[in-house]
Amino acid sequence: MDSIVLKKQQTQVVIIGAGPSGSVAAALLKQKNIDVIVIEKSLFPRFSIGESLLPACMEVIKKANMLDAVEKGNFQLKNGAAFHYDGRFSEFDFTKKFTAGAGTTYQVQRGDFDKLLADEAQNQGVELRYQHEVLNINIEHKPLLTIVDKTGQQYQIEADFVLDASGFARVLPRLLDLEEPSTLAPRKAIFTHVEDNIIDDGYFDRDKILISIHPDNSEVWYWLIPFSNGTCSVGVVAKESFLANYPSDNKRALQQLINEEAGLKRILKNANYPNQFGDILGYSANVKTLCDDKFALLGNAGEFLDPVFSSGVTIAMKSAELATDTLIKKFAGETVNWIDDYAKPLMVGVDAFRCYVEGWYSGEFQEVILYPKPNQKVKEMVCSILAGYAWDEKNPFVTDPYRRLNTVFELCKP
């Protein structure tokens, strides 16, 4: 193989993956006439979990000139989040938040949503190569990627910079030995899409994601995400040790768990289960570094926390925005520092989300969310976090999350 000379192409930026962060990053770069090629292993549309967006996403979608297409996509409106635990119930209206910006977003079937964004990037002139896979990368000098297309033909691309938007595939962390264990405990998610047949009894609001907590174990929680076509994404998250008490078959396990939560059992009593049941084990991930002067990791390719607050797509899009802002400066001849200009600003929001994910599983943040008569100002600040505005450093729940969480019982008092 060493004797074979592969055809070599050149571009300014290669993006690995055409999911939300990859498509948005490509569009943002193309706006500035930066040459970009997107390499995508799959053929869209393809299934992906993580269907509940946060309003903060809409700000980046707008910046990428994709807002009109998303608004015309016939997706389910989302204006907030509802939480239920053993008879306790709370709601957050994202239009009543501390931070300025969009207060509504959408619940989306990711196959359709991701393809819409990718199509929009192509409409803006981005070159996107489906069913091409990155086999190797050499970053000794300029990044040199070895790629194979759907026919098995290999070729190379030499680039000035690489953005890894490959999500859970984590292409560069794997190829460059960047992976590190997450600080979060490993958990498993079991999920499917159902024909919900929900009869409106005042309990379930289709404009909100519903997060329910298992009555006997507060670390076990469920999501119910409604779509505009009468279906829902439903799933449960728990440690493997807890799930060991349930059938090994994902369908039987999830249905049994749904029947143990009274609210879900009632509203899904007429549901049909025509689709496959999936699972993800040990999904939380971390890396040694998010970037250097030749590459940057976007979204899940860098760090994935937990699905509880639907932060995955928001972090992915924010990382795309920050990385492309830095690249635009770089290609304009400005001096950039990838740690200061990209990694540190990105981690402001990631670390805020991390604090509240940890607080969710330890119980403190659940108490904050379910507090029956909270201080309104505090609720607005918490609402901003839940709406994805975890980079608003005017919000003390962003700038000092651990202290705020530790003292929030006092803060929550009217």
# chains A, B, ... in the order shown; residues from 1 in each chain; ligands from 1
call {"tool": "residues_around", "arguments": {"residues": "segment 139-141 of chain A", "least_positions_apart": "2", "cutoff": "12 Å", "atoms": "only C-alpha atoms", "output": "PyMOL selection string"}}
result
chain A and resi 136-137+143-146+157-162+172+175-176+292-295
call {"tool": "write_last_selection", "arguments": {"atoms": "C-alpha atoms", "output": "PDB file, in the first residue's frame"}}
result
ATOM      1  CA  ASN A 136      -6.312   8.479   8.583  1.00  0.00           C
ATOM      2  CA  ILE A 137      -4.858  11.910   9.260  1.00  0.00           C
ATOM      3  CA  PRO A 143      -3.228  18.244   7.963  1.00  0.00           C
ATOM      4  CA  LEU A 144      -3.303  15.449   5.371  1.00  0.00           C
ATOM      5  CA  LEU A 145      -6.409  13.286   5.404  1.00  0.00           C
ATOM      6  CA  THR A 146      -6.723   9.898   3.715  1.00  0.00           C
ATOM      7  CA  ILE A 157      -6.953  16.069   0.967  1.00  0.00           C
ATOM      8  CA  GLU A 158      -4.359  18.513   2.256  1.00  0.00           C
ATOM      9  CA  ALA A 159      -5.969  21.297   4.281  1.00  0.00           C
ATOM     10  CA  ASP A 160      -4.944  24.301   6.303  1.00  0.00           C
ATOM     11  CA  PHE A 161      -7.308  23.249   9.087  1.00  0.00           C
ATOM     12  CA  VAL A 162      -9.671  20.436  10.097  1.00  0.00           C
ATOM     13  CA  LEU A 172      -9.989  12.750  15.392  1.00  0.00           C
ATOM     14  CA  LEU A 175      -7.110   8.712  15.194  1.00  0.00           C
ATOM     15  CA  LEU A 176      -4.987  11.142  17.247  1.00  0.00           C
ATOM     16  CA  ASP A 292      -4.485  23.109  18.422  1.00  0.00           C
ATOM     17  CA  ASP A 293      -3.279  25.183  15.474  1.00  0.00           C
ATOM     18  CA  LYS A 294      -4.314  22.477  12.963  1.00  0.00           C
ATOM     19  CA  PHE A 295      -7.658  21.132  14.203  1.00  0.00           C
TER      20      PHE A 295
END
call {"tool": "closest_atom_pairs", "arguments": {"of": "segment 82-161 of chain A", "to": "segment 376-387 of chain A", "cutoff": "8 Å", "atoms": "only C-alpha atoms", "output": "CSV"}}
result
residue,atom,partner,partner_atom,distance
A:Phe92,CA,A:Cys383,CA,6.3
A:Asp93,CA,A:Cys383,CA,7.5
A:Phe94,CA,A:Ala387,CA,5.9
A:Lys96,CA,A:Glu380,CA,6.2
A:Lys97,CA,A:Glu380,CA,4.3
A:Phe98,CA,A:Glu380,CA,4.8
A:Thr99,CA,A:Ser384,CA,5.9
A:Gly103,CA,A:Ala387,CA,7.5
call {"tool": "closest_residue", "arguments": {"among": "A:Asp177, A:Asp400, A:Glu321, A:Glu40", "to": "Ile61 of chain A", "atoms": "only C-alpha atoms"}}
result
A:Glu321
call {"tool": "residues_around", "arguments": {"residues": "Asn33 of chain A", "least_positions_apart": "4", "cutoff": "10 Å", "atoms": "only C-alpha atoms", "output": "short mmCIF file (atom, residue, chain, number, x, y, z; two decimals) with N, CA and C atoms, in the first residue's frame"}}
result
data_model
loop_
_atom_site.label_atom_id
_atom_site.label_comp_id
_atom_site.auth_asym_id
_atom_site.auth_seq_id
_atom_site.Cartn_x
_atom_site.Cartn_y
_atom_site.Cartn_z
N ALA A 27 -21.48 26.43 6.43
CA ALA A 27 -22.19 27.60 5.91
C ALA A 27 -21.55 28.90 6.39
N LEU A 28 -21.16 28.94 7.65
CA LEU A 28 -20.54 30.15 8.20
C LEU A 28 -19.21 30.45 7.51
N LEU A 29 -18.44 29.42 7.20
CA LEU A 29 -17.18 29.63 6.49
C LEU A 29 -17.42 30.04 5.05
N GLY A 125 -23.57 26.73 -1.45
CA GLY A 125 -22.35 26.50 -2.20
C GLY A 125 -21.33 25.60 -1.56
N ILE A 328 -12.13 32.43 10.73
CA ILE A 328 -12.28 33.62 9.89
C ILE A 328 -11.19 34.64 10.22
#
call {"tool": "residues_around", "arguments": {"residues": "Phe353 of chain A", "least_positions_apart": "6", "cutoff": "9 Å", "atoms": "only C-alpha atoms", "output": "PyMOL selection string"}}
result
chain A and resi 305+309+311+385-386+388+390+398+401
call {"tool": "write_last_selection", "arguments": {"atoms": "all heavy atoms", "output": "PDB file, in the first residue's frame"}}
result
ATOM      1  N   LEU A 305     -21.806  15.492  27.484  1.00  0.00           N
ATOM      2  CA  LEU A 305     -22.099  15.392  28.905  1.00  0.00           C
ATOM      3  C   LEU A 305     -23.183  14.362  29.175  1.00  0.00           C
ATOM      4  O   LEU A 305     -22.924  13.244  29.615  1.00  0.00           O
ATOM      5  CB  LEU A 305     -22.529  16.768  29.434  1.00  0.00           C
ATOM      6  CG  LEU A 305     -21.465  17.872  29.338  1.00  0.00           C
ATOM      7  CD1 LEU A 305     -22.059  19.215  29.732  1.00  0.00           C
ATOM      8  CD2 LEU A 305     -20.265  17.535  30.205  1.00  0.00           C
ATOM      9  N   PHE A 309     -30.563  17.702  29.729  1.00  0.00           N
ATOM     10  CA  PHE A 309     -31.023  19.062  29.426  1.00  0.00           C
ATOM     11  C   PHE A 309     -30.962  19.382  27.929  1.00  0.00           C
ATOM     12  O   PHE A 309     -30.993  20.547  27.540  1.00  0.00           O
ATOM     13  CB  PHE A 309     -30.209  20.089  30.222  1.00  0.00           C
ATOM     14  CG  PHE A 309     -30.296  19.881  31.708  1.00  0.00           C
ATOM     15  CD1 PHE A 309     -29.151  19.762  32.468  1.00  0.00           C
ATOM     16  CD2 PHE A 309     -31.533  19.772  32.340  1.00  0.00           C
ATOM     17  CE1 PHE A 309     -29.230  19.548  33.845  1.00  0.00           C
ATOM     18  CE2 PHE A 309     -31.619  19.553  33.707  1.00  0.00           C
ATOM     19  CZ  PHE A 309     -30.474  19.435  34.454  1.00  0.00           C
ATOM     20  N   SER A 311     -28.655  19.431  25.821  1.00  0.00           N
ATOM     21  CA  SER A 311     -27.609  20.419  25.525  1.00  0.00           C
ATOM     22  C   SER A 311     -26.729  20.034  24.345  1.00  0.00           C
ATOM     23  O   SER A 311     -25.941  20.856  23.869  1.00  0.00           O
ATOM     24  CB  SER A 311     -26.725  20.623  26.759  1.00  0.00           C
ATOM     25  OG  SER A 311     -26.061  19.410  27.113  1.00  0.00           O
ATOM     26  N   ILE A 385     -30.547  28.864  31.574  1.00  0.00           N
ATOM     27  CA  ILE A 385     -29.694  27.688  31.433  1.00  0.00           C
ATOM     28  C   ILE A 385     -30.446  26.601  30.675  1.00  0.00           C
ATOM     29  O   ILE A 385     -29.927  26.006  29.724  1.00  0.00           O
ATOM     30  CB  ILE A 385     -29.248  27.158  32.808  1.00  0.00           C
ATOM     31  CG1 ILE A 385     -28.448  28.215  33.574  1.00  0.00           C
ATOM     32  CG2 ILE A 385     -28.448  25.860  32.652  1.00  0.00           C
ATOM     33  CD1 ILE A 385     -27.112  28.542  32.986  1.00  0.00           C
ATOM     34  N   LEU A 386     -31.674  26.325  31.081  1.00  0.00           N
ATOM     35  CA  LEU A 386     -32.469  25.275  30.445  1.00  0.00           C
ATOM     36  C   LEU A 386     -32.776  25.600  28.996  1.00  0.00           C
ATOM     37  O   LEU A 386     -32.990  24.694  28.182  1.00  0.00           O
ATOM     38  CB  LEU A 386     -33.770  25.053  31.218  1.00  0.00           C
ATOM     39  CG  LEU A 386     -33.626  24.566  32.667  1.00  0.00           C
ATOM     40  CD1 LEU A 386     -34.994  24.445  33.317  1.00  0.00           C
ATOM     41  CD2 LEU A 386     -32.898  23.224  32.707  1.00  0.00           C
ATOM     42  N   GLY A 388     -30.619  26.969  27.052  1.00  0.00           N
ATOM     43  CA  GLY A 388     -29.368  26.842  26.316  1.00  0.00           C
ATOM     44  C   GLY A 388     -28.446  28.038  26.371  1.00  0.00           C
ATOM     45  O   GLY A 388     -27.363  28.015  25.779  1.00  0.00           O
ATOM     46  N   ALA A 390     -26.151  29.140  28.150  1.00  0.00           N
ATOM     47  CA  ALA A 390     -25.145  28.850  29.168  1.00  0.00           C
ATOM     48  C   ALA A 390     -23.849  29.614  28.949  1.00  0.00           C
ATOM     49  O   ALA A 390     -22.872  29.391  29.668  1.00  0.00           O
ATOM     50  CB  ALA A 390     -24.861  27.347  29.194  1.00  0.00           C
ATOM     51  N   VAL A 398     -24.312  31.109  35.326  1.00  0.00           N
ATOM     52  CA  VAL A 398     -23.289  30.733  34.345  1.00  0.00           C
ATOM     53  C   VAL A 398     -21.902  30.971  34.910  1.00  0.00           C
ATOM     54  O   VAL A 398     -21.025  30.108  34.849  1.00  0.00           O
ATOM     55  CB  VAL A 398     -23.461  31.517  33.030  1.00  0.00           C
ATOM     56  CG1 VAL A 398     -22.267  31.293  32.101  1.00  0.00           C
ATOM     57  CG2 VAL A 398     -24.754  31.123  32.336  1.00  0.00           C
ATOM     58  N   PRO A 401     -21.521  28.663  38.725  1.00  0.00           N
ATOM     59  CA  PRO A 401     -22.605  27.687  38.848  1.00  0.00           C
ATOM     60  C   PRO A 401     -22.560  26.845  40.117  1.00  0.00           C
ATOM     61  O   PRO A 401     -23.600  26.578  40.722  1.00  0.00           O
ATOM     62  CB  PRO A 401     -22.444  26.814  37.598  1.00  0.00           C
ATOM     63  CG  PRO A 401     -21.019  26.982  37.188  1.00  0.00           C
ATOM     64  CD  PRO A 401     -20.664  28.386  37.570  1.00  0.00           C
TER      65      PRO A 401
END
call {"tool": "residues_around", "arguments": {"residues": "Ile39 of chain A", "least_positions_apart": "2", "cutoff": "6 Å", "atoms": "only C-alpha atoms", "output": "PDB file with N, CA, C and O atoms, in the first residue's frame"}}
result
ATOM      1  N   ILE A  16     -15.224  17.156   9.081  1.00  0.00           N
ATOM      2  CA  ILE A  16     -15.580  15.742   9.159  1.00  0.00           C
ATOM      3  C   ILE A  16     -16.963  15.641   9.800  1.00  0.00           C
ATOM      4  O   ILE A  16     -17.134  15.921  10.987  1.00  0.00           O
ATOM      5  N   GLY A  17     -17.966  15.286   8.999  1.00  0.00           N
ATOM      6  CA  GLY A  17     -19.323  15.127   9.515  1.00  0.00           C
ATOM      7  C   GLY A  17     -20.234  16.253   9.077  1.00  0.00           C
ATOM      8  O   GLY A  17     -19.870  17.438   9.145  1.00  0.00           O
ATOM      9  N   ARG A 129     -19.568  15.746   0.561  1.00  0.00           N
ATOM     10  CA  ARG A 129     -19.344  14.427  -0.022  1.00  0.00           C
ATOM     11  C   ARG A 129     -19.905  13.348   0.899  1.00  0.00           C
ATOM     12  O   ARG A 129     -19.306  12.991   1.913  1.00  0.00           O
ATOM     13  N   HIS A 132     -18.334   9.190   2.107  1.00  0.00           N
ATOM     14  CA  HIS A 132     -16.884   9.265   2.122  1.00  0.00           C
ATOM     15  C   HIS A 132     -16.439   9.176   3.584  1.00  0.00           C
ATOM     16  O   HIS A 132     -17.052   9.792   4.460  1.00  0.00           O
TER      17      HIS A 132
END
call {"tool": "decode", "arguments": {"residues": "segment 183-217 of chain A", "atoms": "N, CA and C atoms", "output": "compact mmCIF listing (two decimals), in the first residue's frame"}}
result
# COMPACT_ATOMS: atom_id res chain seq x y z
N THR A 183 -15.74 12.59 33.34
CA THR A 183 -15.86 12.71 34.79
C THR A 183 -17.24 12.28 35.28
N LEU A 184 -18.18 12.10 34.35
CA LEU A 184 -19.53 11.69 34.71
C LEU A 184 -19.65 10.18 34.75
N ALA A 185 -20.49 9.67 35.64
CA ALA A 185 -20.68 8.23 35.76
C ALA A 185 -21.28 7.66 34.48
N PRO A 186 -20.86 6.46 34.07
CA PRO A 186 -21.42 5.87 32.85
C PRO A 186 -22.88 5.48 33.04
N ARG A 187 -23.68 5.79 32.03
CA ARG A 187 -25.10 5.46 32.04
C ARG A 187 -25.52 4.91 30.69
N LYS A 188 -26.69 4.33 30.67
CA LYS A 188 -27.23 3.76 29.44
C LYS A 188 -28.58 4.40 29.14
N ALA A 189 -28.81 4.69 27.86
CA ALA A 189 -30.10 5.20 27.40
C ALA A 189 -30.75 4.15 26.51
N ILE A 190 -32.05 3.91 26.73
CA ILE A 190 -32.86 3.04 25.87
C ILE A 190 -33.97 3.90 25.30
N PHE A 191 -34.25 3.77 24.00
CA PHE A 191 -35.17 4.72 23.38
C PHE A 191 -35.84 4.13 22.15
N THR A 192 -36.93 4.77 21.74
CA THR A 192 -37.61 4.45 20.50
C THR A 192 -38.50 5.62 20.11
N HIS A 193 -39.10 5.54 18.93
CA HIS A 193 -40.13 6.47 18.49
C HIS A 193 -41.46 5.73 18.49
N VAL A 194 -42.50 6.35 19.06
CA VAL A 194 -43.80 5.71 19.17
C VAL A 194 -44.87 6.52 18.46
N GLU A 195 -45.91 5.84 18.01
CA GLU A 195 -47.16 6.51 17.62
C GLU A 195 -47.91 6.73 18.92
N ASP A 196 -47.93 7.97 19.42
CA ASP A 196 -48.29 8.17 20.83
C ASP A 196 -49.79 8.10 21.11
N ASN A 197 -50.64 8.55 20.19
CA ASN A 197 -52.10 8.52 20.42
C ASN A 197 -52.48 9.13 21.77
N ILE A 198 -51.81 10.23 22.13
CA ILE A 198 -52.05 10.84 23.44
C ILE A 198 -53.35 11.63 23.41
N ILE A 199 -54.20 11.36 24.38
CA ILE A 199 -55.44 12.12 24.56
C ILE A 199 -55.14 13.25 25.53
N ASP A 200 -55.39 14.48 25.11
CA ASP A 200 -55.08 15.64 25.93
C ASP A 200 -55.95 15.67 27.18
N ASP A 201 -55.32 15.45 28.33
CA ASP A 201 -56.06 15.51 29.59
C ASP A 201 -55.53 16.61 30.49
N GLY A 202 -54.78 17.56 29.91
CA GLY A 202 -54.24 18.67 30.68
C GLY A 202 -52.89 18.38 31.31
N TYR A 203 -52.43 17.14 31.22
CA TYR A 203 -51.15 16.77 31.85
C TYR A 203 -49.98 17.00 30.91
N PHE A 204 -50.20 16.77 29.62
CA PHE A 204 -49.10 16.79 28.67
C PHE A 204 -49.28 17.93 27.68
N ASP A 205 -48.22 18.75 27.54
CA ASP A 205 -48.21 19.88 26.62
C ASP A 205 -47.26 19.54 25.47
N ARG A 206 -47.79 19.41 24.27
CA ARG A 206 -46.96 19.02 23.13
C ARG A 206 -45.91 20.07 22.78
N ASP A 207 -46.06 21.29 23.30
CA ASP A 207 -45.08 22.34 23.03
C ASP A 207 -43.90 22.29 23.99
N LYS A 208 -43.86 21.28 24.85
CA LYS A 208 -42.76 21.16 25.81
C LYS A 208 -42.23 19.74 25.84
N ILE A 209 -40.94 19.62 26.09
CA ILE A 209 -40.39 18.31 26.41
C ILE A 209 -40.82 17.96 27.83
N LEU A 210 -41.15 16.70 28.07
CA LEU A 210 -41.51 16.24 29.41
C LEU A 210 -40.38 15.36 29.95
N ILE A 211 -39.83 15.76 31.09
CA ILE A 211 -38.82 14.98 31.79
C ILE A 211 -39.47 14.41 33.05
N SER A 212 -39.51 13.10 33.14
CA SER A 212 -40.11 12.42 34.30
C SER A 212 -39.04 11.65 35.05
N ILE A 213 -39.18 11.56 36.35
CA ILE A 213 -38.21 10.89 37.20
C ILE A 213 -38.85 9.63 37.77
N HIS A 214 -38.09 8.55 37.78
CA HIS A 214 -38.60 7.28 38.28
C HIS A 214 -39.00 7.42 39.76
N PRO A 215 -40.17 6.91 40.15
CA PRO A 215 -40.64 7.14 41.52
C PRO A 215 -39.77 6.52 42.60
N ASP A 216 -38.99 5.50 42.25
CA ASP A 216 -38.19 4.79 43.26
C ASP A 216 -36.70 5.08 43.18
N ASN A 217 -36.28 5.81 42.15
CA ASN A 217 -34.85 6.08 41.99
C ASN A 217 -34.70 7.39 41.25
